[in-house]
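A.B. asks: For reference, the file run.pdb (PDB, C-alpha atoms (C1' of nucleotides)) is included below:
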MODEL        1
ATOM      1  CA  MET M  30     -61.966   6.245   5.795
ATOM      2  CA  ASP M  31     -64.230   3.933   7.760
ATOM      3  CA  ALA M  32     -62.974   2.589  11.043
ATOM      4  CA  ILE M  33     -62.734  -1.171  10.940
ATOM      5  CA  ALA M  34     -64.722  -3.369  13.306
ATOM      6  CA  TRP M  35     -62.742  -4.900  16.144
ATOM      7  CA  SER M  36     -63.483  -8.120  17.973
ATOM      8  CA  GLY M  37     -64.282  -7.895  21.662
ATOM      9  CA  TRP M  38     -61.501  -7.877  24.226
ATOM     10  CA  GLU M  39     -60.498 -11.359  25.404
ATOM     11  CA  ALA M  40     -58.091 -12.434  28.079
ATOM     12  CA  ILE M  41     -54.821 -14.035  27.065
ATOM     13  CA  ASN M  42     -54.869 -17.709  27.966
ATOM     14  CA  PRO M  43     -53.251 -18.747  30.198
ATOM     15  CA  ARG M  44     -53.987 -15.577  32.058
ATOM     16  CA  MET M  45     -51.002 -13.312  32.426
ATOM     17  CA  SER M  46     -50.512 -10.035  34.206
ATOM     18  CA  LEU M  47     -47.879  -7.539  33.299
ATOM     19  CA  ALA M  48     -46.890  -4.058  34.407
ATOM     20  CA  PRO M  49     -47.413  -1.387  31.720
ATOM     21  CA  ALA M  50     -43.696  -0.645  31.555
ATOM     22  CA  VAL M  51     -42.873  -4.314  30.989
ATOM     23  CA  LEU M  52     -45.452  -4.618  28.236
ATOM     24  CA  ALA M  53     -44.039  -1.497  26.603
ATOM     25  CA  GLU M  54     -40.510  -2.836  26.836
ATOM     26  CA  THR M  55     -41.580  -6.170  25.351
ATOM     27  CA  LEU M  56     -43.455  -4.709  22.391
ATOM     28  CA  ALA M  57     -41.539  -1.522  21.657
ATOM     29  CA  GLY M  58     -38.182  -1.986  23.383
ATOM     30  CA  GLY M  59     -36.434  -2.985  20.204
ATOM     31  CA  GLN M  60     -37.364  -6.624  19.611
ATOM     32  CA  ALA M  61     -40.170  -5.648  17.258
ATOM     33  CA  PHE M  62     -40.732  -2.459  15.306
ATOM     34  CA  ARG M  63     -44.407  -2.630  14.425
ATOM     35  CA  TRP M  64     -46.174  -1.835  17.700
ATOM     36  CA  ARG M  65     -47.625   1.544  18.597
ATOM     37  CA  GLY M  66     -49.061   2.521  21.946
ATOM     38  CA  ASP M  67     -51.703   5.201  22.410
ATOM     39  CA  ALA M  68     -52.388   7.486  25.346
ATOM     40  CA  ALA M  69     -54.988   5.075  26.737
ATOM     41  CA  GLY M  70     -52.428   2.284  26.974
ATOM     42  CA  VAL M  71     -53.737   0.301  24.013
ATOM     43  CA  TRP M  72     -51.005  -1.221  21.834
ATOM     44  CA  THR M  73     -51.657  -1.934  18.171
ATOM     45  CA  GLY M  74     -49.248  -4.170  16.311
ATOM     46  CA  GLN M  75     -48.741  -6.309  13.258
ATOM     47  CA  TRP M  76     -46.764  -9.347  12.191
ATOM     48  CA  ALA M  77     -47.140 -11.512   9.100
ATOM     49  CA  ASP M  78     -50.806 -11.150   8.116
ATOM     50  CA  CYS M  79     -51.974 -10.473  11.654
ATOM     51  CA  VAL M  80     -53.208  -7.240  13.237
ATOM     52  CA  THR M  81     -53.736  -7.126  16.988
ATOM     53  CA  ARG M  82     -54.461  -4.794  19.876
ATOM     54  CA  LEU M  83     -53.267  -5.459  23.395
ATOM     55  CA  ARG M  84     -54.163  -3.763  26.657
ATOM     56  CA  ILE M  85     -53.863  -4.311  30.353
ATOM     57  CA  ALA M  86     -57.264  -4.680  31.997
ATOM     58  CA  PRO M  87     -58.045  -2.907  35.275
ATOM     59  CA  ASP M  88     -57.319  -6.141  37.158
ATOM     60  CA  GLY M  89     -53.853  -6.228  35.596
ATOM     61  CA  SER M  90     -54.392  -9.060  33.128
ATOM     62  CA  LEU M  91     -53.420  -8.845  29.472
ATOM     63  CA  GLU M  92     -56.241  -8.717  26.923
ATOM     64  CA  TRP M  93     -56.320  -8.814  23.138
ATOM     65  CA  SER M  94     -58.587  -7.848  20.304
ATOM     66  CA  ALA M  95     -58.274  -8.048  16.520
ATOM     67  CA  PRO M  96     -60.056  -6.800  13.445
ATOM     68  CA  ALA M  97     -63.251  -8.858  13.482
ATOM     69  CA  ILE M  98     -62.435 -10.464  10.150
ATOM     70  CA  LEU M  99     -59.046 -11.596  11.454
ATOM     71  CA  ARG M 100     -60.187 -12.658  14.909
ATOM     72  CA  ASP M 101     -59.894 -16.423  14.398
ATOM     73  CA  ARG M 102     -56.528 -16.170  12.684
ATOM     74  CA  VAL M 103     -55.088 -14.018  15.456
ATOM     75  CA  ALA M 104     -56.549 -16.298  18.121
ATOM     76  CA  VAL M 105     -54.344 -19.071  16.734
ATOM     77  CA  ALA M 106     -51.244 -16.995  15.963
ATOM     78  CA  LEU M 107     -51.056 -14.755  19.016
ATOM     79  CA  PRO M 108     -50.116 -17.397  21.620
ATOM     80  CA  HIS M 109     -47.163 -18.438  19.478
ATOM     81  CA  TYR M 110     -46.103 -14.829  18.843
ATOM     82  CA  LEU M 111     -46.209 -14.001  22.551
ATOM     83  CA  ALA M 112     -44.804 -17.405  23.532
ATOM     84  CA  THR M 113     -47.538 -17.828  26.098
ATOM     85  CA  ASP M 114     -46.580 -21.489  26.510
ATOM     86  CA  VAL M 115     -43.334 -20.421  28.159
ATOM     87  CA  ASP M 116     -43.123 -19.505  31.835
ATOM     88  CA  TRP M 117     -40.839 -16.516  31.451
ATOM     89  CA  VAL M 118     -40.641 -15.765  35.158
ATOM     90  CA  ALA M 119     -39.451 -19.303  35.803
ATOM     91  CA  LEU M 120     -36.922 -19.031  32.985
ATOM     92  CA  ALA M 121     -35.541 -15.784  34.377
ATOM     93  CA  ASP M 122     -35.220 -17.470  37.740
ATOM     94  CA  THR M 123     -32.752 -19.939  36.220
ATOM     95  CA  LEU M 124     -30.420 -17.099  35.192
ATOM     96  CA  PRO M 125     -27.384 -16.598  37.473
ATOM     97  CA  TRP M 126     -28.866 -13.596  39.267
ATOM     98  CA  ARG M 127     -28.023 -15.016  42.679
ATOM     99  CA  SER M 128     -24.344 -14.420  41.981
ATOM    100  CA  ASP M 129     -24.821 -11.339  39.792
ATOM    101  CA  THR M 130     -26.322  -8.357  41.579
ATOM    102  CA  HIS M 131     -26.580  -6.246  38.453
ATOM    103  CA  LEU M 132     -28.524  -8.918  36.589
ATOM    104  CA  ALA M 133     -30.687  -9.337  39.682
ATOM    105  CA  ALA M 134     -31.544  -5.634  39.647
ATOM    106  CA  ALA M 135     -32.394  -5.720  35.954
ATOM    107  CA  ILE M 136     -34.715  -8.702  36.395
ATOM    108  CA  ARG M 137     -36.355  -6.993  39.342
ATOM    109  CA  ALA M 138     -36.961  -3.862  37.238
ATOM    110  CA  PHE M 139     -38.811  -5.713  34.444
ATOM    111  CA  PRO M 140     -40.584  -8.715  35.983
ATOM    112  CA  GLY M 141     -42.109 -10.956  33.341
ATOM    113  CA  LEU M 142     -40.136  -9.544  30.415
ATOM    114  CA  ARG M 143     -40.388 -11.963  27.498
ATOM    115  CA  LEU M 144     -38.917 -12.678  24.101
ATOM    116  CA  LEU M 145     -41.272 -12.633  21.140
ATOM    117  CA  ARG M 146     -41.411 -15.321  18.470
ATOM    118  CA  GLN M 147     -41.626 -13.225  15.357
ATOM    119  CA  PRO M 148     -41.620 -14.491  11.779
ATOM    120  CA  PHE M 149     -38.045 -15.256  10.785
ATOM    121  CA  GLY M 150     -37.916 -13.378   7.488
ATOM    122  CA  GLU M 151     -39.659 -10.354   8.898
ATOM    123  CA  THR M 152     -37.221 -10.185  11.778
ATOM    124  CA  LEU M 153     -34.346 -10.273   9.318
ATOM    125  CA  LEU M 154     -35.869  -7.351   7.438
ATOM    126  CA  GLY M 155     -36.406  -5.314  10.576
ATOM    127  CA  PHE M 156     -32.856  -5.696  11.752
ATOM    128  CA  LEU M 157     -31.383  -5.060   8.314
ATOM    129  CA  CYS M 158     -33.023  -1.660   8.756
ATOM    130  CA  SER M 159     -31.584  -1.186  12.213
ATOM    131  CA  ALA M 160     -27.883  -0.454  11.721
ATOM    132  CA  THR M 161     -27.009   2.785  13.556
ATOM    133  CA  LYS M 162     -30.653   3.827  13.733
ATOM    134  CA  GLN M 163     -32.718   4.687  16.767
ATOM    135  CA  ILE M 164     -35.727   2.515  17.497
ATOM    136  CA  ALA M 165     -38.184   5.290  16.577
ATOM    137  CA  GLN M 166     -36.505   5.631  13.196
ATOM    138  CA  ILE M 167     -36.527   1.879  12.573
ATOM    139  CA  GLN M 168     -40.242   1.880  13.327
ATOM    140  CA  GLN M 169     -40.721   4.665  10.823
ATOM    141  CA  ILE M 170     -38.728   2.827   8.157
ATOM    142  CA  CYS M 171     -40.750  -0.352   8.693
ATOM    143  CA  ALA M 172     -43.986   1.607   8.437
ATOM    144  CA  LEU M 173     -42.861   3.097   5.124
ATOM    145  CA  LEU M 174     -41.816  -0.306   3.801
ATOM    146  CA  ALA M 175     -45.209  -1.715   4.732
ATOM    147  CA  THR M 176     -47.384   1.045   3.314
ATOM    148  CA  GLY M 177     -45.222   1.388   0.234
ATOM    149  CA  HIS M 178     -44.515  -2.231  -0.624
ATOM    150  CA  GLY M 179     -46.558  -4.565   1.586
ATOM    151  CA  ARG M 180     -50.007  -6.059   1.107
ATOM    152  CA  GLU M 181     -52.977  -4.541   2.891
ATOM    153  CA  THR M 182     -54.266  -7.045   5.443
ATOM    154  CA  VAL M 183     -57.346  -5.037   6.487
ATOM    155  CA  ALA M 184     -58.327  -1.477   5.697
ATOM    156  CA  GLY M 185     -55.570   0.849   6.830
ATOM    157  CA  PHE M 186     -53.107  -1.876   7.853
ATOM    158  CA  HIS M 187     -50.278  -3.072   5.640
ATOM    159  CA  ALA M 188     -48.089  -6.077   6.297
ATOM    160  CA  LEU M 189     -44.357  -5.798   5.792
ATOM    161  CA  PRO M 190     -43.355  -6.860   2.283
ATOM    162  CA  THR M 191     -42.202 -10.459   1.963
ATOM    163  CA  TRP M 192     -38.729 -11.114   0.565
ATOM    164  CA  ASP M 193     -40.332 -12.169  -2.709
ATOM    165  CA  GLU M 194     -42.090  -8.830  -2.841
ATOM    166  CA  LEU M 195     -38.928  -6.949  -1.896
ATOM    167  CA  ALA M 196     -37.076  -8.564  -4.781
ATOM    168  CA  LEU M 197     -39.356  -6.604  -7.092
ATOM    169  CA  VAL M 198     -38.457  -3.234  -5.545
ATOM    170  CA  SER M 199     -35.489  -1.275  -6.875
ATOM    171  CA  GLU M 200     -32.790  -0.074  -4.522
ATOM    172  CA  LYS M 201     -33.710   3.456  -5.492
ATOM    173  CA  ASN M 202     -37.299   2.930  -4.383
ATOM    174  CA  LEU M 203     -36.102   1.352  -1.159
ATOM    175  CA  ARG M 204     -34.120   4.492  -0.454
ATOM    176  CA  GLN M 205     -37.379   6.420  -0.500
ATOM    177  CA  CYS M 206     -38.163   4.628   2.760
ATOM    178  CA  GLN M 207     -35.398   6.521   4.600
ATOM    179  CA  LEU M 208     -33.158   3.465   4.462
ATOM    180  CA  GLY M 209     -29.958   5.184   3.358
ATOM    181  CA  PHE M 210     -27.112   2.736   2.772
ATOM    182  CA  ARG M 211     -29.222  -0.046   4.296
ATOM    183  CA  ALA M 212     -31.234  -0.084   1.059
ATOM    184  CA  ARG M 213     -28.293  -1.672  -0.725
ATOM    185  CA  HIS M 214     -28.148  -4.491   1.854
ATOM    186  CA  ILE M 215     -31.868  -5.164   1.601
ATOM    187  CA  ALA M 216     -31.863  -5.140  -2.187
ATOM    188  CA  ALA M 217     -28.878  -7.479  -2.327
ATOM    189  CA  THR M 218     -30.382  -9.799   0.287
ATOM    190  CA  ALA M 219     -33.682  -9.900  -1.613
ATOM    191  CA  ARG M 220     -31.852 -10.844  -4.806
ATOM    192  CA  PHE M 221     -29.875 -13.524  -2.989
ATOM    193  CA  LEU M 222     -32.963 -15.059  -1.405
ATOM    194  CA  LYS M 223     -34.764 -15.064  -4.751
ATOM    195  CA  GLN M 224     -31.898 -17.044  -6.261
ATOM    196  CA  HIS M 225     -31.836 -19.442  -3.318
ATOM    197  CA  PRO M 226     -35.376 -20.654  -2.641
ATOM    198  CA  GLY M 227     -35.713 -22.359   0.735
ATOM    199  CA  TRP M 228     -32.477 -20.823   2.034
ATOM    200  CA  LEU M 229     -34.218 -18.856   4.777
ATOM    201  CA  ALA M 230     -36.401 -21.745   5.955
ATOM    202  CA  GLU M 231     -33.374 -24.059   6.014
ATOM    203  CA  THR M 232     -31.326 -21.549   7.948
ATOM    204  CA  GLU M 233     -34.050 -21.214  10.560
ATOM    205  CA  GLN M 234     -33.856 -24.964  11.219
ATOM    206  CA  LEU M 235     -30.083 -25.134  11.666
ATOM    207  CA  PRO M 236     -28.405 -25.327  15.078
ATOM    208  CA  TYR M 237     -27.523 -21.936  16.524
ATOM    209  CA  ILE M 238     -23.873 -21.768  15.488
ATOM    210  CA  ALA M 239     -24.544 -22.911  11.928
ATOM    211  CA  ALA M 240     -27.578 -20.650  11.561
ATOM    212  CA  ARG M 241     -25.590 -17.670  12.790
ATOM    213  CA  SER M 242     -22.774 -18.299  10.316
ATOM    214  CA  ARG M 243     -25.227 -18.712   7.468
ATOM    215  CA  LEU M 244     -27.054 -15.487   8.265
ATOM    216  CA  MET M 245     -23.731 -13.669   8.278
ATOM    217  CA  GLU M 246     -23.263 -14.656   4.636
ATOM    218  CA  LEU M 247     -26.012 -12.171   3.800
ATOM    219  CA  PRO M 248     -24.929  -8.664   2.829
ATOM    220  CA  GLY M 249     -25.351  -6.296   5.755
ATOM    221  CA  VAL M 250     -25.677  -9.050   8.333
ATOM    222  CA  GLY M 251     -22.907  -9.253  10.910
ATOM    223  CA  GLY M 252     -22.847 -10.989  14.247
ATOM    224  CA  LYS M 253     -25.106  -8.544  16.031
ATOM    225  CA  ILE M 254     -27.917  -8.623  13.507
ATOM    226  CA  ALA M 255     -27.627 -12.401  13.106
ATOM    227  CA  ASP M 256     -28.051 -12.810  16.856
ATOM    228  CA  CYS M 257     -31.051 -10.470  16.908
ATOM    229  CA  VAL M 258     -32.736 -12.435  14.129
ATOM    230  CA  LEU M 259     -32.126 -15.725  15.932
ATOM    231  CA  LEU M 260     -33.175 -14.412  19.348
ATOM    232  CA  PHE M 261     -36.279 -12.463  18.326
ATOM    233  CA  GLY M 262     -37.246 -14.406  15.213
ATOM    234  CA  ALA M 263     -36.296 -18.009  15.926
ATOM    235  CA  GLY M 264     -36.503 -18.446  19.688
ATOM    236  CA  ARG M 265     -32.774 -19.182  20.032
ATOM    237  CA  LEU M 266     -32.309 -18.022  23.600
ATOM    238  CA  GLU M 267     -28.566 -18.684  23.530
ATOM    239  CA  ALA M 268     -28.087 -15.898  20.986
ATOM    240  CA  PHE M 269     -26.445 -12.888  22.656
ATOM    241  CA  PRO M 270     -26.642  -9.727  20.536
ATOM    242  CA  VAL M 271     -23.943  -7.242  21.457
ATOM    243  CA  ASP M 272     -24.829  -3.674  20.582
ATOM    244  CA  VAL M 273     -23.643  -0.368  21.980
ATOM    245  CA  TRP M 274     -26.028  -0.621  24.937
ATOM    246  CA  ILE M 275     -24.845  -4.070  25.956
ATOM    247  CA  SER M 276     -21.234  -3.054  25.416
ATOM    248  CA  ARG M 277     -21.843  -0.142  27.758
ATOM    249  CA  THR M 278     -23.440  -2.387  30.383
ATOM    250  CA  LEU M 279     -20.703  -4.988  30.257
ATOM    251  CA  GLU M 280     -18.104  -2.247  30.431
ATOM    252  CA  ARG M 281     -19.721  -0.437  33.322
ATOM    253  CA  HIS M 282     -20.865  -3.349  35.461
ATOM    254  CA  TYR M 283     -18.552  -6.205  34.500
ATOM    255  CA  GLY M 284     -15.291  -4.336  33.953
ATOM    256  CA  LEU M 285     -14.913  -5.435  30.345
ATOM    257  CA  ASP M 286     -13.555  -2.150  29.028
ATOM    258  CA  GLY M 287     -12.317  -2.242  25.488
ATOM    259  CA  TRP M 288     -13.346  -5.824  24.744
ATOM    260  CA  PRO M 289     -14.212  -6.366  21.078
ATOM    261  CA  PRO M 290     -17.808  -7.436  20.362
ATOM    262  CA  ALA M 291     -16.941 -11.048  19.495
ATOM    263  CA  GLN M 292     -15.280 -11.473  22.890
ATOM    264  CA  LEU M 293     -18.280  -9.935  24.634
ATOM    265  CA  VAL M 294     -20.500 -12.525  22.930
ATOM    266  CA  GLN M 295     -18.240 -15.268  24.303
ATOM    267  CA  PHE M 296     -18.350 -13.737  27.761
ATOM    268  CA  GLY M 297     -22.124 -13.363  27.685
ATOM    269  CA  GLN M 298     -22.783 -16.930  26.646
ATOM    270  CA  ALA M 299     -20.289 -18.290  29.165
ATOM    271  CA  HIS M 300     -21.395 -16.096  32.056
ATOM    272  CA  PHE M 301     -25.169 -16.165  31.547
ATOM    273  CA  GLY M 302     -25.471 -19.691  30.136
ATOM    274  CA  PRO M 303     -27.926 -21.241  27.656
ATOM    275  CA  LEU M 304     -30.473 -18.443  28.192
ATOM    276  CA  ALA M 305     -27.920 -15.684  27.616
ATOM    277  CA  GLY M 306     -30.297 -13.964  25.227
ATOM    278  CA  LEU M 307     -32.890 -13.548  27.955
ATOM    279  CA  ALA M 308     -30.272 -12.064  30.251
ATOM    280  CA  GLN M 309     -29.260  -9.770  27.421
ATOM    281  CA  GLN M 310     -32.831  -8.537  27.088
ATOM    282  CA  TYR M 311     -33.001  -7.675  30.781
ATOM    283  CA  LEU M 312     -29.632  -5.917  30.715
ATOM    284  CA  PHE M 313     -30.614  -4.057  27.557
ATOM    285  CA  ALA M 314     -33.895  -2.882  29.065
ATOM    286  CA  ASP M 315     -32.210  -1.793  32.262
ATOM    287  CA  GLU M 316     -29.404   0.038  30.496
ATOM    288  CA  ARG M 317     -31.915   1.918  28.374
ATOM    289  CA  ARG M 318     -34.004   2.734  31.413
ATOM    290  CA  LEU M 319     -31.026   4.301  33.149
ATOM    291  CA  GLY M 320     -29.328   5.749  30.099
ATOM    292  CA  ARG M 321     -32.325   7.501  28.587
ATOM    293  CA  ARG M 322     -31.723  10.679  30.548
ATOM    294  CA  PRO M 323     -29.323  12.839  28.506
ATOM    295  CA  GLN M 324     -27.310  14.029  31.496
ATOM    296  CA  ALA M 325     -26.634  10.446  32.509
ATOM    297  CA  ARG M 326     -24.609   9.876  29.355
ATOM    298  CA  PRO M 327     -20.828   9.820  29.567
ATOM    299  CA  PRO M 328     -19.244  13.260  29.251
ATOM    300  CA  THR M 329     -17.508  14.193  26.035
ATOM    301  CA  PRO M 330     -13.827  13.248  26.148
ATOM    302  CA  LEU M 331     -11.491  15.941  27.430
ATOM    303  CA  PRO M 332      -8.784  17.281  25.129
ATOM    304  CA  PRO M 333      -5.495  15.396  25.602
ATOM    305  CA  SER M 334      -3.894  18.138  27.683
ATOM    306  CA  GLN M 335      -6.606  17.766  30.312
ATOM    307  CA  ALA M 336      -7.335  14.078  29.829
ATOM    308  CA  CYS M 337      -3.794  13.296  30.966
ATOM    309  CA  GLN M 338      -4.213  15.107  34.258
ATOM    310  CA  PRO M 339      -4.605  12.633  37.094
ATOM    311  CA  ASN M 340      -7.990  12.812  38.744
ATOM    312  CA  MET M 341      -7.704  11.461  42.254
ATOM    313  CA  SER M 342     -10.685  13.177  43.840
ATOM    314  CA  THR M 343     -13.728  11.535  42.360
ATOM    315  CA  ASN M 344     -16.125  12.741  45.020
ATOM    316  CA  SER M 345     -15.071  16.313  45.631
TER     317      SER M 345
ATOM    318  C1'  DA W 241     -24.527  23.883  12.178
ATOM    319  C1'  DT W 242     -22.571  19.615  13.641
ATOM    320  C1'  DC W 243     -23.082  15.242  15.589
ATOM    321  C1'  DC W 244     -24.967  10.943  16.464
ATOM    322  C1'  DA W 245     -27.706   6.800  15.848
ATOM    323  C1'  DG W 246     -29.423  -1.290  18.682
ATOM    324  C1'  DG W 247     -23.545  -2.021  12.556
ATOM    325  C1'  DT W 248     -21.053  -3.939   8.695
ATOM    326  C1'  DA W 249     -17.562  -4.338   5.175
ATOM    327  C1'  DT W 250     -13.280  -2.896   3.690
ATOM    328  C1'  DG W 251      -8.668  -1.247   3.606
ATOM    329  C1'  DC W 252      -4.644  -0.708   5.844
ATOM    330  C1'  DA W 253      -0.438  -1.793   9.497
TER     331       DA W 253
ATOM    332  C1'  DT J 189      -5.597 -10.022  14.388
ATOM    333  C1'  DG J 190      -6.500  -5.337  15.303
ATOM    334  C1'  DC J 191      -8.027  -0.666  14.364
ATOM    335  C1'  DA J 192      -9.749   3.337  11.634
ATOM    336  C1'  DT J 193     -13.125   4.771   8.004
ATOM    337  C1'  DA J 194     -16.944   5.045   4.758
ATOM    338  C1'  DC J 195     -21.614   4.211   4.172
ATOM    339  C1'  DC J 196     -27.085   7.528   4.131
ATOM    340  C1'  DT J 197     -29.931  10.668   6.421
ATOM    341  C1'  DG J 198     -33.581  12.289   9.816
ATOM    342  C1'  DG J 199     -33.573  14.414  14.147
ATOM    343  C1'  DA J 200     -31.619  16.726  18.442
TER     344       DA J 200
ENDMDL
END
Please rewrite the model in this file as structure tokens.
C.D. replies:
Amino acid sequence: MDAIAWSGWEAINPRMSLAPAVLAETLAGGQAFRWRGDAAGVWTGQWADCVTRLRIAPDGSLEWSAPAILRDRVAVALPHYLATDVDWVALADTLPWRSDTHLAAAIRAFPGLRLLRQPFGETLLGFLCSATKQIAQIQQICALLATGHGRETVAGFHALPTWDELALVSEKNLRQCQLGFRARHIAATARFLKQHPGWLAETEQLPYIAARSRLMELPGVGGKIADCVLLFGAGRLEAFPVDVWISRTLERHYGLDGWPPAQLVQFGQAHFGPLAGLAQQYLFADERRLGRRPQARPPTPLPPSQACQPNMSTNS
DNA sequence: ATCCAGGTATGCA
DNA sequence: TGCATACCTGGA
């Protein structure tokens, strides 16, 4: 297969510089599932009918390149996707880090972390695939959905299938994409959206609370997935997705042991304010950074006979 | 082998 | 309202 021709590298405008770890966290930390990094530090990703490469130049600035035939399209779409019009450092500075040392540490660890503005429907699809899956597996599922059921944008690159296209795929065929029980949710959602033209576009325009409730009418969409779709696919920065990582963080650093997810959402939005979703992204990144080492995970629970023993000496 | 993974819907007290 | 349990299946 012939390698496609790529446009020359161009600087992102306005110029932005980013540490490699922050770029990695932004593209492959779980907001999006269609970016791959290579050993040279070049990231290749896709959204809608766009294909793009990103890299950090020697001077630290972010550069992009696209298949030559898509160059003009990507030049228009990329600033919106990366939300380059937003000063993310300034936004993070408005978070209550001055009175929250843990948040402060998380922001310090990922300076310039940003939220992507992904296509709404595509974000819904990605997170319908995400239930109790690791990020690497979600990426794999999305890749299979694209190559199996999406249109080829340029040679060797397939877009994710649209919801119209998904409505033509049987649940059985969806299961071939390693979806497991999630295939049923996607098939049912595709049927629903086919019967309700405009439903998705209308939902995207609704205020946060109403949009969240509407999304939760879809099969397989609960509060967590609805918040992910709104945060990563609609720019609703007040959305506060509570997953196991955030639960762990709020438990460990905020003393909220045993709180149900809905209450943690309330806490997050009250404590972190109108940009709670941005705070969530920092806390999520930091929790993953610290929790990735296997030995750092909580020990398996002791059997009751031992678990009941008092443990007064924590540092012996 | 056995267990777990960026959840959700359902069935019971 | 609150709390278990099933739902699929590829990897560690």
A.B. asks: Please check the contacts: residues of chain J at most 7 Å away from chain M, using only C-alpha atoms (C1' of nucleotides), listed as number ranges by chain.
C.D. replies: J: 195-197
A.B. asks: I need the contact residues of chain M against chain W, so if you could list those with any atom within 7 Å, counting all atoms listed in the file, and return them as a list in words, that would help.
C.D. replies: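 Interface list for chain M against chain W: Ser159, Ala160, Thr161, Lys162, Gln163, Gly249, Val250, Gly251, Asp272 and Val273 of chain M.
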A.B. asks: Could you state the separation of atom CA of Thr55 of chain M and atom CA of Ala184 of chain M in Å, given to one decimal place?
C.D. replies: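 Atom CA of Thr55 of chain M sits 26.2 Å away from atom CA of Ala184 of chain M.
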A.B. asks: The PyMOL selection byres ((chain M and resi 314-321) around 10) on the file shown: which residues, as a ChimeraX atom specification?
C.D. replies: /M:51,54-55,58-59,131-132,134-139,142,274-275,277-278,308-313,322-327
A.B. asks: For atom CA of Leu47 of chain M and atom CA of Arg146 of chain M, determine how far apart the two atoms are, in Å to one decimal place.
C.D. replies: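 If I compute the distance from atom CA of Leu47 of chain M to atom CA of Arg146 of chain M, I get 18.0 Å.
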A.B. asks: Enter the distance from atom CA of Thr81 of chain M to atom CA of Leu145 of chain M, in Å, rounded to one decimal.
C.D. replies: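 Distance reported for this atom pair: 14.2 Å.
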A.B. asks: If the PyMOL selection byres ((chain M and resi 290) around 9) is run on the structure shown, which residues does it catch, given as a PDB file with C-alpha atoms, in the coordinates of the input?
C.D. replies:
ATOM      1  CA  GLY M 252     -22.847 -10.989  14.247  1.00  0.00           C
ATOM      2  CA  LYS M 253     -25.106  -8.544  16.031  1.00  0.00           C
ATOM      3  CA  VAL M 271     -23.943  -7.242  21.457  1.00  0.00           C
ATOM      4  CA  ASP M 272     -24.829  -3.674  20.582  1.00  0.00           C
ATOM      5  CA  SER M 276     -21.234  -3.054  25.416  1.00  0.00           C
ATOM      6  CA  TRP M 288     -13.346  -5.824  24.744  1.00  0.00           C
ATOM      7  CA  PRO M 289     -14.212  -6.366  21.078  1.00  0.00           C
ATOM      8  CA  ALA M 291     -16.941 -11.048  19.495  1.00  0.00           C
ATOM      9  CA  GLN M 292     -15.280 -11.473  22.890  1.00  0.00           C
ATOM     10  CA  LEU M 293     -18.280  -9.935  24.634  1.00  0.00           C
ATOM     11  CA  VAL M 294     -20.500 -12.525  22.930  1.00  0.00           C
ATOM     12  CA  GLN M 295     -18.240 -15.268  24.303  1.00  0.00           C
TER      13      GLN M 295
END
A.B. asks: Which residue out of M:Ala95, M:Ala219, M:Ala165, M:Ile33 has the minimum interatomic distance to Gly150 of chain M when only C-alpha atoms are used?
C.D. replies: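 Closest residue, counting only C-alpha atoms: M:Ala219.
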A.B. asks: Quick one: which residues end up in the PyMOL selection byres ((chain M and resi 196-200) around 9) for this structure, as a ChimeraX atom specification?
C.D. replies: /M:178,191-195,201-205,212-213,215-223
A.B. asks: Counting only C-alpha atoms (C1' of nucleotides), write as a VMD selection string all protein and nucleic acid residues lying at most 9 Å from (-47.7, 1.7, 7.6) in the file's frame.
C.D. replies: chain M and resid 63 169 171 to 177 179 185 to 189
A.B. asks: Take the selection from the previous step and output its residues with C-alpha atoms, as a PDB file, in the coordinates of the input.
C.D. replies:
ATOM      1  CA  ARG M  63     -44.407  -2.630  14.425  1.00  0.00           C
ATOM      2  CA  GLN M 169     -40.721   4.665  10.823  1.00  0.00           C
ATOM      3  CA  CYS M 171     -40.750  -0.352   8.693  1.00  0.00           C
ATOM      4  CA  ALA M 172     -43.986   1.607   8.437  1.00  0.00           C
ATOM      5  CA  LEU M 173     -42.861   3.097   5.124  1.00  0.00           C
ATOM      6  CA  LEU M 174     -41.816  -0.306   3.801  1.00  0.00           C
ATOM      7  CA  ALA M 175     -45.209  -1.715   4.732  1.00  0.00           C
ATOM      8  CA  THR M 176     -47.384   1.045   3.314  1.00  0.00           C
ATOM      9  CA  GLY M 177     -45.222   1.388   0.234  1.00  0.00           C
ATOM     10  CA  GLY M 179     -46.558  -4.565   1.586  1.00  0.00           C
ATOM     11  CA  GLY M 185     -55.570   0.849   6.830  1.00  0.00           C
ATOM     12  CA  PHE M 186     -53.107  -1.876   7.853  1.00  0.00           C
ATOM     13  CA  HIS M 187     -50.278  -3.072   5.640  1.00  0.00           C
ATOM     14  CA  ALA M 188     -48.089  -6.077   6.297  1.00  0.00           C
ATOM     15  CA  LEU M 189     -44.357  -5.798   5.792  1.00  0.00           C
TER      16      LEU M 189
END
A.B. asks: Looking at only C-alpha atoms, which of M:Thr152, M:Gln75, M:Ser46, M:Gln168 is the one that sits closest to Pro87 of chain M?
C.D. replies: M:Ser46
A.B. asks: For Ala121 of chain M, which of M:Leu52, M:Leu279, M:Ala239, M:Leu266 is the closest residue, counting only C-alpha atoms?
C.D. replies: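 Residue with the minimum atom-to-atom distance to Ala121 of chain M: M:Leu266.
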A.B. asks: Counting all atoms listed in the file, which residues come within 7 Å of (-52.3, -8.7, 34.3), with the point read in the file's coordinates, and could you list them as a PyMOL selection string?
C.D. replies: chain M and resi 45-47+85-86+88-91
A.B. asks: Next, dump the selected residues to file, keeping only C-alpha atoms, as a CSV table (one decimal), in the frame of the given file.
C.D. replies:
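To be explicit, this is the file written out as selection.csv:
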chain,number,residue,atom,x,y,z
M,45,MET,CA,-51.0,-13.3,32.4
M,46,SER,CA,-50.5,-10.0,34.2
M,47,LEU,CA,-47.9,-7.5,33.3
M,85,ILE,CA,-53.9,-4.3,30.4
M,86,ALA,CA,-57.3,-4.7,32.0
M,88,ASP,CA,-57.3,-6.1,37.2
M,89,GLY,CA,-53.9,-6.2,35.6
M,90,SER,CA,-54.4,-9.1,33.1
M,91,LEU,CA,-53.4,-8.8,29.5
